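Trainee: Structure incoming, see below.
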Amino acid sequence: MAESKESLKEVLIAGLWSSNPVFGLLLGTCPTLAVSSSMMDGFGMGVAATFVLIMSNVFISILRKIIPDKMRIPCFIVVIASFVTIVDLCMKAYTPALSKSLGLFIPLIVVNCIILGRAEGYAYKKGILPSLVDGFSMGIGFTLALMAMAFFRESLGNGTLFNVPIFGSKYVPMLGMILPPGAFLTMGGLMALTVFINKKMARK
């Protein structure tokens with residue numbers, strides 16, 4: 001039992017830091033760069049992806065013994081697409097402004113390499129509880145990465161956080177931060193910071 005708890009703890013920590021899907025595994029970079037220009041968009045995308053990760057991981061783990069090996073990828077796509085459709089319809093119904101802002105990036109969660117990667121590399125081989133924890137961990141890690149990037153991009157590029165002004169009327173926004181070059185610079189800077197922290201921790 002102690003070994004199981006420790007294993008689940010390691011799975012949880014991995015997604016949040018050491019195997020963070022964005023800064024550790026370099027997965028999901030397209031939506032990360034595209035929707036991290038505002039905190040609201042980053043949070044909405046992160047929550048949507050987390051829900052899909054958790055539910056698809058759990059269902060694929062439940063079905064893993066009856067899914068034929070040669071048909072596993074089409075089966076993964078069907079499971080993932082089902083939960084993406086639920087998320088997409090719920091967002092259109094209850095948060096239409098956010099749904100419109102995120103646009104095609106919500107339906108494109110179906111082919112997000114983070115979700116397909118966890119289905120193939122983890123949920124298809126593990127039990128229900130570890131798969132649930134892995135989905136939660138990777139989803140929260142993805143959300144935190146989006147929010148970290150959005151914090152710098154929105155605050156410097158718009159002078160706001162969650163569309164609330166934080167620097168006053170005299171602040172001159174750095175518009176480049178909300179454009180593609182700003183996305184790449186922010187991501188590169190945060191990745192460098194992650195590597196630096198990991199090296200410092202390894203020395204200790």
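How things are named: the first chain in the structure tokens is A, the next is B, and so on; residues count from 1 in each chain; ligands count from 1 in the order shown.
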Which neighbours of segment 75-92 of chain A fall inside 7 Å, counting only C-alpha atoms, when residues of the same chain fewer than 4 positions from it are skipped, and could you give them as a VMD selection string?
Mentor: chain A and resid 48 52 56 71 96 99 106 to 107 109 to 110 119
Trainee: Store the residues picked out above in a file with C-alpha atoms, as a PDB file, in the first residue's frame.
Mentor:
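Saved the output as part36.pdb:
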ATOM      1  CA  ALA A  48     -11.153  21.958 -21.015  1.00  0.00           C
ATOM      2  CA  VAL A  52     -10.731  15.576 -21.471  1.00  0.00           C
ATOM      3  CA  SER A  56     -10.328   9.840 -21.632  1.00  0.00           C
ATOM      4  CA  MET A  71      -7.349  -0.698 -33.395  1.00  0.00           C
ATOM      5  CA  PRO A  96     -20.133  31.548 -25.371  1.00  0.00           C
ATOM      6  CA  SER A  99     -15.868  29.500 -26.683  1.00  0.00           C
ATOM      7  CA  ILE A 106     -11.324  23.406 -28.466  1.00  0.00           C
ATOM      8  CA  PRO A 107     -12.334  20.900 -31.222  1.00  0.00           C
ATOM      9  CA  ILE A 109      -8.123  18.983 -28.489  1.00  0.00           C
ATOM     10  CA  VAL A 110      -9.074  15.706 -30.214  1.00  0.00           C
ATOM     11  CA  ALA A 119      -3.713   7.545 -23.751  1.00  0.00           C
TER      12      ALA A 119
END
Trainee: List every residue of chain A that DSSP, applied to the backbone of this structure, places in helix (DSSP H, G or I), and write the result as number ranges by chain.
Mentor: A: 2-18, 29-35, 39-63, 69-94, 96-105, 107-111, 113-123, 128-158, 175-178, 180-203
Trainee: To one decimal place in Å, what is the distance between atom CA of Leu102 of chain A and atom CA of Asp41 of chain A?
Mentor: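 Spanning atom CA of Leu102 of chain A to atom CA of Asp41 of chain A is a straight-line distance of 6.6 Å.
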Trainee: Which residues are near segment 181-185 of chain A? Cut-off 9 Å, only C-alpha atoms, ignore same chain within fewer than 4 positions. Put them as a list in words.
Mentor: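 The neighbour list is Thr32, Leu33, Ala34, Ser36, Ser37, Met149, Ala150, Arg153, Gly157, Leu175, Gly176, Met177, Gly189 and Leu190 of chain A.
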Trainee: Restrict the selected residues to C-alpha atoms and save them as an mmCIF file, in the first residue's frame.
Mentor:
data_model
loop_
_atom_site.group_PDB
_atom_site.id
_atom_site.type_symbol
_atom_site.label_atom_id
_atom_site.label_comp_id
_atom_site.auth_asym_id
_atom_site.auth_seq_id
_atom_site.Cartn_x
_atom_site.Cartn_y
_atom_site.Cartn_z
ATOM 1 C CA THR A 32 0.066 26.850 -25.815
ATOM 2 C CA LEU A 33 1.500 29.490 -28.113
ATOM 3 C CA ALA A 34 -1.889 30.360 -29.605
ATOM 4 C CA SER A 36 -1.704 32.074 -23.926
ATOM 5 C CA SER A 37 -2.148 35.746 -24.834
ATOM 6 C CA MET A 149 2.787 32.246 -20.091
ATOM 7 C CA ALA A 150 -0.454 34.224 -20.114
ATOM 8 C CA ARG A 153 2.043 38.050 -22.067
ATOM 9 C CA GLY A 157 1.227 43.134 -23.683
ATOM 10 C CA LEU A 175 2.228 44.854 -27.991
ATOM 11 C CA GLY A 176 4.838 42.386 -29.201
ATOM 12 C CA MET A 177 4.122 40.204 -26.169
ATOM 13 C CA GLY A 189 12.296 32.130 -21.211
ATOM 14 C CA LEU A 190 10.110 29.923 -19.009
#
Trainee: Please provide the set of residues having any atom within 10 Å of Leu144 of chain A, restricted to only C-alpha atoms, with same-chain residues fewer than 6 positions apart removed, written as a ChimeraX atom specification.
Mentor: /A:16-17,20,22,42-43,46,138,150
Trainee: For those residues, write N, CA and C atoms to a file as a PDB file, in the first residue's frame.
Mentor:
ATOM      1  N   LEU A  16       3.075  17.833 -12.844  1.00  0.00           N
ATOM      2  CA  LEU A  16       3.140  19.226 -12.414  1.00  0.00           C
ATOM      3  C   LEU A  16       4.501  19.848 -12.676  1.00  0.00           C
ATOM      4  N   TRP A  17       5.564  19.031 -12.623  1.00  0.00           N
ATOM      5  CA  TRP A  17       6.894  19.640 -12.765  1.00  0.00           C
ATOM      6  C   TRP A  17       7.837  18.854 -13.669  1.00  0.00           C
ATOM      7  N   ASN A  20       6.264  17.993 -16.929  1.00  0.00           N
ATOM      8  CA  ASN A  20       5.247  18.951 -17.354  1.00  0.00           C
ATOM      9  C   ASN A  20       5.081  18.875 -18.866  1.00  0.00           C
ATOM     10  N   VAL A  22       4.260  20.840 -21.210  1.00  0.00           N
ATOM     11  CA  VAL A  22       4.751  21.944 -22.042  1.00  0.00           C
ATOM     12  C   VAL A  22       6.249  22.161 -21.847  1.00  0.00           C
ATOM     13  N   GLY A  42      -6.200  31.143 -21.443  1.00  0.00           N
ATOM     14  CA  GLY A  42      -5.326  30.091 -20.941  1.00  0.00           C
ATOM     15  C   GLY A  42      -6.030  29.212 -19.919  1.00  0.00           C
ATOM     16  N   PHE A  43      -6.768  29.844 -19.020  1.00  0.00           N
ATOM     17  CA  PHE A  43      -7.485  29.091 -17.997  1.00  0.00           C
ATOM     18  C   PHE A  43      -8.581  28.237 -18.628  1.00  0.00           C
ATOM     19  N   GLY A  46      -7.049  25.324 -20.423  1.00  0.00           N
ATOM     20  CA  GLY A  46      -6.495  24.371 -19.472  1.00  0.00           C
ATOM     21  C   GLY A  46      -7.563  23.519 -18.818  1.00  0.00           C
ATOM     22  N   MET A 138      -1.344  15.830 -15.473  1.00  0.00           N
ATOM     23  CA  MET A 138      -0.951  16.405 -16.754  1.00  0.00           C
ATOM     24  C   MET A 138      -1.840  17.595 -17.125  1.00  0.00           C
ATOM     25  N   ALA A 150       0.548  33.170 -19.966  1.00  0.00           N
ATOM     26  CA  ALA A 150      -0.454  34.224 -20.114  1.00  0.00           C
ATOM     27  C   ALA A 150      -0.216  35.366 -19.131  1.00  0.00           C
TER      28      ALA A 150
END
Trainee: Could you name the residues that touch segment 159-167 of chain A at 6 Å or less, counting only C-alpha atoms, but leaving out those on the same chain fewer than 4 positions away, as a list of chain:residue names?
Mentor: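 The residues that qualify are A:Met39, A:Met40, A:Glu154, A:Ser155, A:Tyr171, A:Pro173.
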Trainee: Hey, can you spit out that residue selection with N, CA and C atoms as a PDB file, in the first residue's frame?
Mentor:
ATOM      1  N   MET A  39      -5.061  35.534 -19.743  1.00  0.00           N
ATOM      2  CA  MET A  39      -5.260  34.614 -18.632  1.00  0.00           C
ATOM      3  C   MET A  39      -6.576  33.856 -18.779  1.00  0.00           C
ATOM      4  N   MET A  40      -7.610  34.524 -19.231  1.00  0.00           N
ATOM      5  CA  MET A  40      -8.914  33.887 -19.365  1.00  0.00           C
ATOM      6  C   MET A  40      -8.879  32.772 -20.391  1.00  0.00           C
ATOM      7  N   GLU A 154      -0.089  38.755 -21.095  1.00  0.00           N
ATOM      8  CA  GLU A 154      -1.203  39.691 -20.941  1.00  0.00           C
ATOM      9  C   GLU A 154      -0.798  40.919 -20.127  1.00  0.00           C
ATOM     10  N   SER A 155      -0.047  40.697 -19.049  1.00  0.00           N
ATOM     11  CA  SER A 155       0.317  41.832 -18.194  1.00  0.00           C
ATOM     12  C   SER A 155       1.217  42.816 -18.927  1.00  0.00           C
ATOM     13  N   TYR A 171       0.506  53.359 -18.479  1.00  0.00           N
ATOM     14  CA  TYR A 171       1.323  52.250 -18.969  1.00  0.00           C
ATOM     15  C   TYR A 171       1.201  52.120 -20.486  1.00  0.00           C
ATOM     16  N   PRO A 173       1.548  49.576 -23.364  1.00  0.00           N
ATOM     17  CA  PRO A 173       1.640  48.124 -23.556  1.00  0.00           C
ATOM     18  C   PRO A 173       2.758  47.731 -24.525  1.00  0.00           C
TER      19      PRO A 173
END
Trainee: Using only C-alpha atoms, can you tell me which of A:Tyr94, A:Met55, A:Ser61, A:Glu120 comes closest to Pro74 of chain A?
Mentor: A:Glu120
Trainee: How far is it from atom CA of Asn57 of chain A to atom CA of Leu132 of chain A, in Å with one decimal?
Mentor: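 Atom CA of Leu132 of chain A lies at a distance of 6.2 Å from atom CA of Asn57 of chain A.
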Trainee: Compile the contact shell of Gly135 of chain A as a ChimeraX atom specification: residues with an atom at most 7 Å away, counting only C-alpha atoms, same-chain residues fewer than 6 positions apart removed.
Mentor: /A:50,53-54,57
